[in-house]
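Here is protein.pdb, consisting of PDB, C-alpha atoms and all ligand atoms:
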```pdb
ATOM      1  CA  MET A   1       0.000   0.000   0.000
ATOM      2  CA  ASP A   2       1.385   3.403  -0.960
ATOM      3  CA  CYS A   3       0.820   6.760   0.733
ATOM      4  CA  ARG A   4      -1.903   7.767  -1.671
ATOM      5  CA  GLU A   5      -3.955   4.684  -0.977
ATOM      6  CA  ALA A   6      -3.304   4.851   2.739
ATOM      7  CA  LEU A   7      -4.520   8.436   2.962
ATOM      8  CA  LEU A   8      -7.524   7.592   0.841
ATOM      9  CA  LYS A   9      -8.536   5.000   3.392
ATOM     10  CA  LEU A  10      -7.445   6.959   6.416
ATOM     11  CA  TYR A  11     -10.857   8.278   7.439
ATOM     12  CA  HIS A  12     -12.504   4.912   7.041
ATOM     13  CA  TYR A  13      -9.685   3.490   9.101
ATOM     14  CA  LEU A  14     -10.205   6.034  11.883
ATOM     15  CA  ASP A  15     -13.962   5.564  11.808
ATOM     16  CA  GLY A  16     -13.692   1.800  12.114
ATOM     17  CA  GLU A  17     -15.270   1.245   8.714
ATOM     18  CA  LEU A  18     -12.630  -0.981   7.099
ATOM     19  CA  ASP A  19     -12.777  -4.733   6.971
ATOM     20  CA  PRO A  20     -10.064  -6.499   8.989
ATOM     21  CA  SER A  21      -7.641  -7.118   6.114
ATOM     22  CA  GLU A  22      -7.839  -3.549   4.835
ATOM     23  CA  TYR A  23      -7.449  -2.334   8.374
ATOM     24  CA  MET A  24      -4.247  -4.328   8.766
ATOM     25  CA  ASP A  25      -2.896  -2.965   5.494
ATOM     26  CA  VAL A  26      -3.406   0.626   6.554
ATOM     27  CA  GLU A  27      -2.007  -0.061  10.001
ATOM     28  CA  GLN A  28       1.040  -1.645   8.426
ATOM     29  CA  HIS A  29       1.607   1.384   6.238
ATOM     30  CA  LEU A  30       1.237   3.806   9.146
ATOM     31  CA  HIS A  31       3.730   1.756  11.055
ATOM     32  CA  ASN A  32       6.307   2.168   8.333
ATOM     33  CA  CYS A  33       5.568   5.682   7.110
ATOM     34  CA  LYS A  34       6.261   8.594   9.389
ATOM     35  CA  GLY A  35       4.477  11.111   7.187
ATOM     36  CA  CYS A  36       1.193   9.258   7.077
ATOM     37  CA  PHE A  37       1.478   8.302  10.715
ATOM     38  CA  GLY A  38       1.682  11.990  11.652
ATOM     39  CA  LYS A  39      -1.394  12.809   9.628
ATOM     40  CA  ALA A  40      -3.304   9.881  11.057
ATOM     41  CA  GLU A  41      -2.417  10.780  14.627
ATOM     42  CA  PHE A  42      -3.462  14.342  14.054
ATOM     43  CA  GLU A  43      -6.814  13.314  12.626
ATOM     44  CA  ARG A  44      -7.359  10.809  15.377
ATOM     45  CA  ILE A  45      -6.657  13.370  18.081
ATOM     46  CA  MET A  46      -8.898  15.895  16.425
ATOM     47  CA  LYS A  47     -11.763  13.432  16.391
ATOM     48  CA  GLU A  48     -11.232  12.637  20.050
ATOM     49  CA  VAL A  49     -11.011  16.281  21.025
ATOM     50  CA  VAL A  50     -14.241  17.140  19.237
ATOM     51  CA  LYS A  51     -15.982  14.272  20.971
ATOM     52  CA  LYS A  52     -14.667  15.165  24.399
ATOM     53  CA  ARG A  53     -15.439  18.843  24.081
ATOM     54  CA  CYS A  54     -18.978  18.197  22.918
ATOM     55  CA  GLN A  55     -19.956  15.594  25.469
ATOM     56  CA  LYS A  56     -19.976  17.656  28.602
ATOM     57  CA  GLU A  57     -23.417  19.189  28.452
ATOM     58  CA  ARG A  58     -26.201  17.586  30.426
ATOM     59  CA  SER A  59     -29.866  18.048  29.741
ATOM     60  CA  PRO A  60     -31.518  20.212  32.391
ATOM     61  CA  GLU A  61     -33.348  18.243  35.090
ATOM     62  CA  HIS A  62     -36.588  20.083  34.556
ATOM     63  CA  LEU A  63     -36.679  18.905  30.955
ATOM     64  CA  LYS A  64     -36.821  15.239  31.902
ATOM     65  CA  ASP A  65     -39.470  15.946  34.518
ATOM     66  CA  ARG A  66     -41.555  17.873  32.042
ATOM     67  CA  ILE A  67     -41.330  15.093  29.486
ATOM     68  CA  MET A  68     -42.452  12.462  31.999
ATOM     69  CA  GLU A  69     -45.289  14.677  33.076
ATOM     70  CA  LEU A  70     -46.471  15.190  29.499
ATOM     71  CA  ILE A  71     -46.205  11.507  28.799
ATOM     72  CA  HIS A  72     -48.262  10.727  31.837
ATOM     73  CA  GLN A  73     -50.816  13.223  30.593
ATOM     74  CA  ILE A  74     -50.991  11.446  27.236
ATOM     75  CA  ASP A  75     -51.743   8.186  29.030
ATOM     76  CA  ILE A  76     -54.429   9.710  31.197
ATOM     77  CA  ASN A  77     -56.091  11.327  28.200
ATOM     78  CA  SER A  78     -56.025   8.187  26.102
ATOM     79  CA  GLU A  79     -57.474   6.183  28.964
ATOM     80  CA  LYS A  80     -60.267   8.685  29.328
ATOM     81  CA  SER A  81     -61.043   8.700  25.639
ATOM     82  CA  GLN A  82     -61.166   4.935  25.476
ATOM     83  CA  SER A  83     -63.735   4.947  28.310
ATOM     84  CA  ARG A  84     -62.939   1.745  30.055
ATOM     85  CA  PRO A  85     -65.346   1.330  32.930
ATOM     86  CA  ALA A  86     -63.574  -1.769  34.190
ATOM     87  CA  ASP A  87     -60.353   0.120  34.645
ATOM     88  CA  LYS A  88     -61.753   2.463  37.201
ATOM     89  CA  ASP A  89     -61.323   0.128  40.133
ATOM     90  CA  SER A  90     -58.104  -1.353  39.002
ATOM     91  CA  PRO A  91     -55.180   1.026  38.890
ATOM     92  CA  PHE A  92     -52.966  -1.718  37.505
ATOM     93  CA  ASN A  93     -55.293  -2.529  34.710
ATOM     94  CA  THR A  94     -55.459  -6.264  35.206
ATOM     95  CA  PHE A  95     -57.925  -7.324  32.639
ATOM     96  CA  ASN A  96     -59.433 -10.704  33.284
ATOM     97  CA  PRO A  97     -61.052 -12.238  30.210
ATOM     98  CA  SER A  98     -63.000 -14.927  32.066
TER      99      SER A  98
ATOM    100  CA  MET B   1     -67.548  -0.123  22.715
ATOM    101  CA  THR B   2     -67.485  -3.782  21.843
ATOM    102  CA  ALA B   3     -64.751  -3.382  19.270
ATOM    103  CA  GLY B   4     -62.537  -1.927  21.941
ATOM    104  CA  LEU B   5     -63.257  -4.757  24.309
ATOM    105  CA  LEU B   6     -62.590  -7.351  21.691
ATOM    106  CA  ARG B   7     -59.322  -5.797  20.785
ATOM    107  CA  ARG B   8     -58.314  -5.679  24.382
ATOM    108  CA  ALA B   9     -59.285  -9.251  24.981
ATOM    109  CA  GLU B  10     -57.103 -10.346  22.102
ATOM    110  CA  THR B  11     -54.052  -8.542  23.306
ATOM    111  CA  VAL B  12     -54.139  -9.638  26.932
ATOM    112  CA  PRO B  13     -52.014  -9.050  28.805
ATOM    113  CA  GLU B  14     -52.007  -5.485  27.576
ATOM    114  CA  LYS B  15     -49.031  -3.412  28.483
ATOM    115  CA  ASN B  16     -50.381  -1.262  31.247
ATOM    116  CA  THR B  17     -49.691   2.385  31.633
ATOM    117  CA  VAL B  18     -47.426   2.091  34.624
ATOM    118  CA  ASN B  19     -45.224  -0.493  32.958
ATOM    119  CA  ARG B  20     -45.166   1.361  29.722
ATOM    120  CA  GLU B  21     -44.072   4.574  31.367
ATOM    121  CA  SER B  22     -41.362   2.995  33.470
ATOM    122  CA  GLU B  23     -40.098   1.022  30.512
ATOM    123  CA  PHE B  24     -39.932   4.188  28.449
ATOM    124  CA  ARG B  25     -38.154   5.995  31.228
ATOM    125  CA  LYS B  26     -35.544   3.289  31.462
ATOM    126  CA  GLU B  27     -35.030   2.591  27.759
ATOM    127  CA  ALA B  28     -35.559   5.937  26.116
ATOM    128  CA  LEU B  29     -35.185   8.718  28.656
ATOM    129  CA  SER B  30     -31.778   7.406  29.661
ATOM    130  CA  HIS B  31     -30.574   8.928  26.380
ATOM    131  CA  THR B  32     -31.803  12.418  27.187
ATOM    132  CA  ASP B  33     -28.344  13.935  27.605
ATOM    133  CA  ALA B  34     -27.154  12.699  24.227
ATOM    134  CA  VAL B  35     -30.373  13.720  22.508
ATOM    135  CA  TYR B  36     -30.196  17.152  24.130
ATOM    136  CA  ARG B  37     -26.597  17.684  23.011
ATOM    137  CA  MET B  38     -27.493  16.807  19.449
ATOM    138  CA  ALA B  39     -30.448  19.184  19.629
ATOM    139  CA  LEU B  40     -28.134  21.931  20.867
ATOM    140  CA  ARG B  41     -25.763  21.466  17.948
ATOM    141  CA  LEU B  42     -28.687  21.514  15.528
ATOM    142  CA  THR B  43     -30.690  24.426  16.873
ATOM    143  CA  LYS B  44     -27.725  26.298  18.392
ATOM    144  CA  ASN B  45     -29.694  27.520  21.374
ATOM    145  CA  ARG B  46     -31.078  26.089  24.590
ATOM    146  CA  VAL B  47     -34.692  27.118  24.233
ATOM    147  CA  ASP B  48     -35.182  25.546  20.821
ATOM    148  CA  ALA B  49     -33.093  22.559  21.848
ATOM    149  CA  GLU B  50     -35.381  21.859  24.793
ATOM    150  CA  ASP B  51     -38.450  22.145  22.569
ATOM    151  CA  LEU B  52     -36.954  19.793  20.036
ATOM    152  CA  VAL B  53     -36.001  17.250  22.695
ATOM    153  CA  GLN B  54     -39.457  17.377  24.206
ATOM    154  CA  GLU B  55     -41.087  16.935  20.823
ATOM    155  CA  THR B  56     -38.763  14.031  20.078
ATOM    156  CA  PHE B  57     -39.624  12.123  23.227
ATOM    157  CA  LEU B  58     -43.338  12.750  22.949
ATOM    158  CA  LYS B  59     -43.289  11.417  19.418
ATOM    159  CA  ALA B  60     -41.176   8.480  20.531
ATOM    160  CA  TYR B  61     -43.694   7.694  23.241
ATOM    161  CA  ARG B  62     -46.599   7.775  20.821
ATOM    162  CA  PHE B  63     -44.803   5.231  18.685
ATOM    163  CA  TRP B  64     -43.311   3.313  21.593
ATOM    164  CA  ASP B  65     -45.343   0.201  20.853
ATOM    165  CA  SER B  66     -43.908   0.066  17.357
ATOM    166  CA  PHE B  67     -40.355   0.301  18.617
ATOM    167  CA  GLU B  68     -38.745  -3.078  18.403
ATOM    168  CA  GLN B  69     -37.504  -4.006  21.831
ATOM    169  CA  GLY B  70     -33.855  -4.920  21.828
ATOM    170  CA  SER B  71     -33.028  -2.861  18.759
ATOM    171  CA  ASN B  72     -31.007   0.317  18.974
ATOM    172  CA  CYS B  73     -33.137   2.781  20.919
ATOM    173  CA  ARG B  74     -30.536   5.529  20.795
ATOM    174  CA  ALA B  75     -30.375   5.378  16.992
ATOM    175  CA  TRP B  76     -34.169   5.351  16.846
ATOM    176  CA  LEU B  77     -34.389   8.496  19.000
ATOM    177  CA  PHE B  78     -31.770  10.258  16.897
ATOM    178  CA  LYS B  79     -33.725   9.366  13.809
ATOM    179  CA  ILE B  80     -36.872  10.947  15.214
ATOM    180  CA  LEU B  81     -34.926  13.999  16.337
ATOM    181  CA  THR B  82     -33.154  14.512  13.037
ATOM    182  CA  ASN B  83     -36.350  14.027  11.143
ATOM    183  CA  LEU B  84     -38.271  16.519  13.255
ATOM    184  CA  PHE B  85     -35.487  19.018  12.881
ATOM    185  CA  ILE B  86     -35.229  18.692   9.129
ATOM    186  CA  THR B  87     -38.945  18.690   8.440
ATOM    187  CA  SER B  88     -40.428  21.091  10.952
ATOM    188  CA  TYR B  89     -37.916  23.101  12.887
ATOM    189  CA  HIS B  90     -35.865  23.869   9.872
ATOM    190  CA  LYS B  91     -38.720  25.530   8.043
ATOM    191  CA  LYS B  92     -39.366  27.816  10.982
ATOM    192  CA  SER B  93     -35.806  28.870  11.539
ATOM    193  CA  ARG B  94     -34.938  29.891   7.992
ATOM    194  CA  GLU B  95     -31.305  29.323   8.557
ATOM    195  CA  LYS B  96     -29.038  31.268   6.335
ATOM    196  CA  GLN B  97     -27.667  28.692   3.997
ATOM    197  CA  GLN B  98     -25.584  30.865   1.742
ATOM    198  CA  PHE B  99     -22.493  28.863   1.902
ATOM    199  CA  THR B 100     -19.758  28.935  -0.640
ATOM    200  CA  TYR B 101     -18.616  25.457  -1.341
ATOM    201  CA  ASP B 102     -15.051  26.388  -2.010
ATOM    202  CA  ASP B 103     -13.011  23.297  -1.799
ATOM    203  CA  VAL B 104     -10.839  22.814   1.213
ATOM    204  CA  GLU B 105      -7.770  20.643   0.871
ATOM    205  CA  SER B 106      -7.580  17.381   2.784
ATOM    206  CA  HIS B 107      -5.789  17.420   6.128
ATOM    207  CA  TYR B 108      -6.131  21.170   6.113
ATOM    208  CA  LEU B 109      -5.374  21.735   9.748
ATOM    209  CA  TYR B 110      -2.475  19.342   9.805
ATOM    210  CA  ASN B 111      -0.938  20.980   6.773
ATOM    211  CA  GLN B 112      -1.375  24.416   8.266
ATOM    212  CA  ILE B 113       0.467  23.411  11.367
ATOM    213  CA  GLU B 114       3.007  20.914  10.188
ATOM    214  CA  GLY B 115       3.662  22.329   6.780
ATOM    215  CA  GLY B 116       4.664  25.840   5.919
ATOM    216  CA  ASN B 117       7.921  27.652   6.244
ATOM    217  CA  ASP B 118       7.927  28.761   9.838
ATOM    218  CA  LYS B 119       8.041  25.146  10.733
ATOM    219  CA  HIS B 120       7.346  24.465  14.293
ATOM    220  CA  GLN B 121       5.988  27.232  16.230
ATOM    221  CA  PHE B 122       5.603  24.536  18.841
ATOM    222  CA  SER B 123       7.156  21.235  19.723
ATOM    223  CA  ASP B 124       3.937  19.284  20.145
ATOM    224  CA  PRO B 125       1.575  20.941  17.725
ATOM    225  CA  GLU B 126      -1.528  18.803  18.262
ATOM    226  CA  LYS B 127      -1.525  19.140  22.023
ATOM    227  CA  MET B 128      -0.710  22.796  21.839
ATOM    228  CA  LEU B 129      -3.495  23.548  19.430
ATOM    229  CA  PHE B 130      -6.224  21.365  20.841
ATOM    230  CA  ASN B 131      -5.548  22.114  24.482
ATOM    231  CA  GLN B 132      -5.769  25.826  23.958
ATOM    232  CA  LEU B 133      -8.968  25.815  21.992
ATOM    233  CA  LEU B 134     -11.944  26.368  24.254
ATOM    234  CA  ASP B 135     -14.941  24.060  24.358
ATOM    235  CA  ASP B 136     -16.930  26.906  22.886
ATOM    236  CA  ASP B 137     -14.533  27.261  19.962
ATOM    237  CA  VAL B 138     -15.020  23.624  19.063
ATOM    238  CA  LYS B 139     -18.795  23.816  19.448
ATOM    239  CA  LYS B 140     -19.011  26.970  17.398
ATOM    240  CA  ALA B 141     -16.825  25.509  14.685
ATOM    241  CA  ILE B 142     -19.286  22.626  14.484
ATOM    242  CA  GLU B 143     -22.328  24.855  14.597
ATOM    243  CA  GLU B 144     -20.960  26.941  11.765
ATOM    244  CA  LEU B 145     -20.861  23.935   9.464
ATOM    245  CA  PRO B 146     -23.666  23.856   6.915
ATOM    246  CA  GLU B 147     -26.481  21.759   8.271
ATOM    247  CA  ASP B 148     -26.054  18.698   6.046
ATOM    248  CA  PHE B 149     -22.434  18.360   7.052
ATOM    249  CA  ARG B 150     -23.029  19.257  10.676
ATOM    250  CA  ILE B 151     -25.553  16.473  11.151
ATOM    251  CA  VAL B 152     -23.258  13.707   9.904
ATOM    252  CA  VAL B 153     -20.194  15.095  11.675
ATOM    253  CA  VAL B 154     -21.963  15.136  15.047
ATOM    254  CA  LEU B 155     -23.497  11.700  14.534
ATOM    255  CA  SER B 156     -20.095  10.284  13.668
ATOM    256  CA  PHE B 157     -17.614  12.208  15.802
ATOM    257  CA  VAL B 158     -19.615  12.858  18.917
ATOM    258  CA  GLU B 159     -22.117  10.005  18.946
ATOM    259  CA  GLY B 160     -19.950   7.375  17.304
ATOM    260  CA  PHE B 161     -22.619   5.999  14.975
ATOM    261  CA  SER B 162     -21.435   3.848  12.068
ATOM    262  CA  TYR B 163     -21.818   5.046   8.480
ATOM    263  CA  GLN B 164     -24.727   2.657   7.985
ATOM    264  CA  GLU B 165     -26.462   3.824  11.150
ATOM    265  CA  ILE B 166     -26.031   7.437  10.036
ATOM    266  CA  ALA B 167     -27.520   6.590   6.648
ATOM    267  CA  ASP B 168     -30.558   5.114   8.414
ATOM    268  CA  ILE B 169     -30.904   7.984  10.857
ATOM    269  CA  VAL B 170     -30.685  10.752   8.275
ATOM    270  CA  GLY B 171     -32.384   8.802   5.510
ATOM    271  CA  ILE B 172     -29.600   9.150   2.942
ATOM    272  CA  GLN B 173     -27.428   6.790   0.924
ATOM    273  CA  LEU B 174     -24.264   5.328   2.391
ATOM    274  CA  GLY B 175     -22.203   7.075  -0.279
ATOM    275  CA  THR B 176     -23.747  10.391   0.679
ATOM    276  CA  VAL B 177     -22.806   9.814   4.302
ATOM    277  CA  LYS B 178     -19.205   9.246   3.262
ATOM    278  CA  SER B 179     -18.950  12.282   1.039
ATOM    279  CA  ARG B 180     -20.663  14.590   3.541
ATOM    280  CA  LEU B 181     -18.472  13.350   6.335
ATOM    281  CA  HIS B 182     -15.371  13.811   4.245
ATOM    282  CA  ARG B 183     -16.254  17.353   3.338
ATOM    283  CA  GLY B 184     -17.515  18.066   6.849
ATOM    284  CA  ARG B 185     -14.168  17.053   8.252
ATOM    285  CA  LYS B 186     -12.304  19.389   5.974
ATOM    286  CA  LEU B 187     -14.612  22.283   6.735
ATOM    287  CA  LEU B 188     -14.375  21.605  10.442
ATOM    288  CA  GLN B 189     -10.591  21.696  10.258
ATOM    289  CA  LYS B 190     -10.734  25.022   8.529
ATOM    290  CA  GLY B 191     -13.121  26.313  11.169
ATOM    291  CA  LEU B 192     -10.930  25.113  14.018
ATOM    292  CA  TRP B 193      -7.942  26.736  12.372
ATOM    293  CA  GLN B 194      -9.773  30.038  12.210
ATOM    294  CA  TYR B 195     -10.558  29.851  15.924
ATOM    295  CA  ALA B 196      -6.939  29.015  16.652
ATOM    296  CA  VAL B 197      -5.892  32.115  14.749
ATOM    297  CA  LYS B 198      -8.484  34.201  16.523
ATOM    298  CA  ARG B 199      -7.243  33.014  19.902
ATOM    299  CA  GLY B 200      -3.665  33.783  18.935
ATOM    300  CA  ILE B 201      -2.686  30.142  19.330
ATOM    301  CA  VAL B 202      -1.253  30.170  15.822
ATOM    302  CA  LYS B 203      -0.165  32.875  13.477
ATOM    303  CA  GLU B 204      -2.131  33.342  10.318
ATOM    304  CA  LYS B 205      -0.213  32.579   7.216
ATOM    305  CA  ALA B 206      -0.453  34.436   3.960
ATOM    306  CA  PRO B 207      -2.644  32.406   1.637
TER     307      PRO B 207
HETATM  308 ZN    ZN A 301       2.702   7.033   3.738
END
```

I'd like the structure from this file rewritten - as C-alpha cells, please.
Ligand SMILES: [Zn+2]
Amino acid sequence: MDCREALLKLYHYLDGELDPSEYMDVEQHLHNCKGCFGKAEFERIMKEVVKKRCQKERSPEHLKDRIMELIHQIDINSEKSQSRPADKDSPFNTFNPS
Amino acid sequence: MTAGLLRRAETVPEKNTVNRESEFRKEALSHTDAVYRMALRLTKNRVDAEDLVQETFLKAYRFWDSFEQGSNCRAWLFKILTNLFITSYHKKSREKQQFTYDDVESHYLYNQIEGGNDKHQFSDPEKMLFNQLLDDDVKKAIEELPEDFRIVVVLSFVEGFSYQEIADIVGIQLGTVKSRLHRGRKLLQKGLWQYAVKRGIVKEKAP
C-alpha cells in the first residue's frame, strides 16, 4: 500500500469502517511511514477532542421531569377517551377475560 | 364499545400504563443527555433545543409500541430527532444557507500546522493547538458547518454511529454519508484553524 492509498482510506480506518484485512494494510503502512502516521495521529486526536469537548453538556433536570409529566398526561387522556369502565377500580389494569 | 373490548381481549395481557411509562423511562429517557446535546448542535440555542427534545420524546412515546424491543433505541431516538429538525424546525428557523462550497484541501489543519515555512511554532503541535482551543470554539466551529455536514459530523464524531447507522438515521445513501463526512471534516478543520488564529494560538499565514 502506498501513501496515496493509505490516505484515501485513512478516514474509514479512523472511523472503524474498514474490513479487517484492509485495516491491517493501513495499520502496516502507518507503522512504516512517518508522514502518514503523523497525519493519522493528528486526525485521530482531532476526532477525540471534538468528541470530548462536545460531550460535557447535560440536559436540564426540569426537561426530563416535564417530558415524563407530558407523557403521563398522554396516558391519562387516552385512557379517558377509550372509556374503560372496568379500569376504574383497578389502577394496575389487570384485565381478566373470564 | 365492543370493538374496543374485543381488541383488548385479544391482546391480553395489555401493556399497562405504569409499565409502559417505566419502561420508556428506562429505555428511552436514559438517552436524554445525548439527545439534548445533538439538539443543541442543531438548533444552536437552549430554548429551541429543549423544545426539540421534548417533541422528540413525545413522538417516541406515541410510537413506543412500534419500537422493536432490543433494537437500537438511541439510533431510533436520533432518527426521530433529526427528522423533526429537518422537516419542521428547519422551516421555521430559515437558517441562512448561503455557503460557498469552495473546496478545502484534505488534512487542512495538519498541513497548516506541520507544513509551511515557519516550521514548528511549537514542539507538540496537536496538544498545543487542541488544548488551547476552548470548548466553545469547538462547538461553534461545528455549529458553523452547513447543516447537512453538521448532522453527519456530530453523529459520527460525537455520537460514534457507524456510516450505515447514520444513513438510516438521516435517511440518505451510504455514499452520501461518506462524502458529507469527508467534506464536513475538511470544513471543520478550517473552522478550528480560524478559531486558533483568533485566539492567537497560531499565526495566520499568507494564503
Ligand atoms: Zn505514507

Practice item. Please determine the contact residues of chain B with respect to chain A at a cut-off of 6 Å, counting only C-alpha atoms, and supply them as a list in words. Key: Asp33, Tyr36, Asp135, Phe157 and Val158 of chain B

Exercise for review: Please identify every polymer residue within 6 Å of ligand ZN 301 (chain A), using only C-alpha atoms and all ligand atoms, and present the set as a PyMOL selection string.
Suggested key: chain A and resi 3+33+35-36

Selection file, C-alpha atoms, as a compact mmCIF listing (two decimals), in the frame of the given file:
```
# COMPACT_ATOMS: atom_id res chain seq x y z
CA CYS A 3 0.82 6.76 0.73
CA CYS A 33 5.57 5.68 7.11
CA GLY A 35 4.48 11.11 7.19
CA CYS A 36 1.19 9.26 7.08
```

Using the chain letters and numbers from this file, what does the PyMOL selection byres (((chain B and resi 56) around 10) and not hetatm) select? Give the answer as a PDB file with C-alpha atoms, in the coordinates of the input.
```
ATOM      1  CA  ILE A  67     -41.330  15.093  29.486  1.00  0.00           C
TER       2      ILE A  67
ATOM      3  CA  VAL B  35     -30.373  13.720  22.508  1.00  0.00           C
ATOM      4  CA  TYR B  36     -30.196  17.152  24.130  1.00  0.00           C
ATOM      5  CA  ALA B  39     -30.448  19.184  19.629  1.00  0.00           C
ATOM      6  CA  GLU B  50     -35.381  21.859  24.793  1.00  0.00           C
ATOM      7  CA  ASP B  51     -38.450  22.145  22.569  1.00  0.00           C
ATOM      8  CA  LEU B  52     -36.954  19.793  20.036  1.00  0.00           C
ATOM      9  CA  VAL B  53     -36.001  17.250  22.695  1.00  0.00           C
ATOM     10  CA  GLN B  54     -39.457  17.377  24.206  1.00  0.00           C
ATOM     11  CA  GLU B  55     -41.087  16.935  20.823  1.00  0.00           C
ATOM     12  CA  PHE B  57     -39.624  12.123  23.227  1.00  0.00           C
ATOM     13  CA  LEU B  58     -43.338  12.750  22.949  1.00  0.00           C
ATOM     14  CA  LYS B  59     -43.289  11.417  19.418  1.00  0.00           C
ATOM     15  CA  ALA B  60     -41.176   8.480  20.531  1.00  0.00           C
ATOM     16  CA  TYR B  61     -43.694   7.694  23.241  1.00  0.00           C
ATOM     17  CA  LEU B  77     -34.389   8.496  19.000  1.00  0.00           C
ATOM     18  CA  PHE B  78     -31.770  10.258  16.897  1.00  0.00           C
ATOM     19  CA  LYS B  79     -33.725   9.366  13.809  1.00  0.00           C
ATOM     20  CA  ILE B  80     -36.872  10.947  15.214  1.00  0.00           C
ATOM     21  CA  LEU B  81     -34.926  13.999  16.337  1.00  0.00           C
ATOM     22  CA  THR B  82     -33.154  14.512  13.037  1.00  0.00           C
ATOM     23  CA  ASN B  83     -36.350  14.027  11.143  1.00  0.00           C
ATOM     24  CA  LEU B  84     -38.271  16.519  13.255  1.00  0.00           C
ATOM     25  CA  PHE B  85     -35.487  19.018  12.881  1.00  0.00           C
TER      26      PHE B  85
END
```

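The space between CA of Gly184 (chain B) and CA of Tyr108 (chain B) spans 11.8 Å.
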
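Remark: for Gln132 (chain B), the closest of the candidate residues B:Arg74, B:Lys190, B:Arg199, B:Lys178 is B:Arg199 (distances computed over only C-alpha atoms).
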
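You will find CA of Leu187 (chain B) at 15.9 Å from CA of Leu155 (chain B).
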
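Closest to His182 (chain B) among B:Leu109, B:Ile86, B:Val152, B:Leu133 is B:Val152, based on only C-alpha atoms.
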
Exercise for review: Just the residues within 12 Å of region 22-24 of chain A, please, counting only C-alpha atoms, with nothing from its chain fewer than 3 positions along; format it as a PyMOL selection string.
Suggested key: chain A and resi 1+5-6+8-19+27-31

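When all atoms listed in the file are used to measure the gap to Gln194 (chain B), the shortest distance among B:Leu129, B:Val18, B:Val153, B:Val177 belongs to B:Leu129.
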
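Taking CA of Leu134 (chain B) as the reference point, CA of Leu192 (chain B) is found at 10.4 Å.
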
**Study point:** Reference answer for the PyMOL selection byres (((chain B and resi 140) around 10) and not hetatm), as a PyMOL selection string
**Key:** chain B and resi 41+44+134-139+141-145+188+191-192+195

Could you give me the centre and size, in Å to one decimal, of an axis-aligned box around all listed atoms of region 167-182 of chain B with 4 Å added on every side, as JSON?
```
{"center_x": -23.9, "center_y": 9.9, "center_z": 5.3, "size_x": 25.0, "size_y": 17.5, "size_z": 19.1}
```

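Using only C-alpha atoms, the smallest distance between any of B:Ser179, B:Gln164, B:Asn131, B:Ser30 and Phe149 (chain B) comes from B:Ser179.
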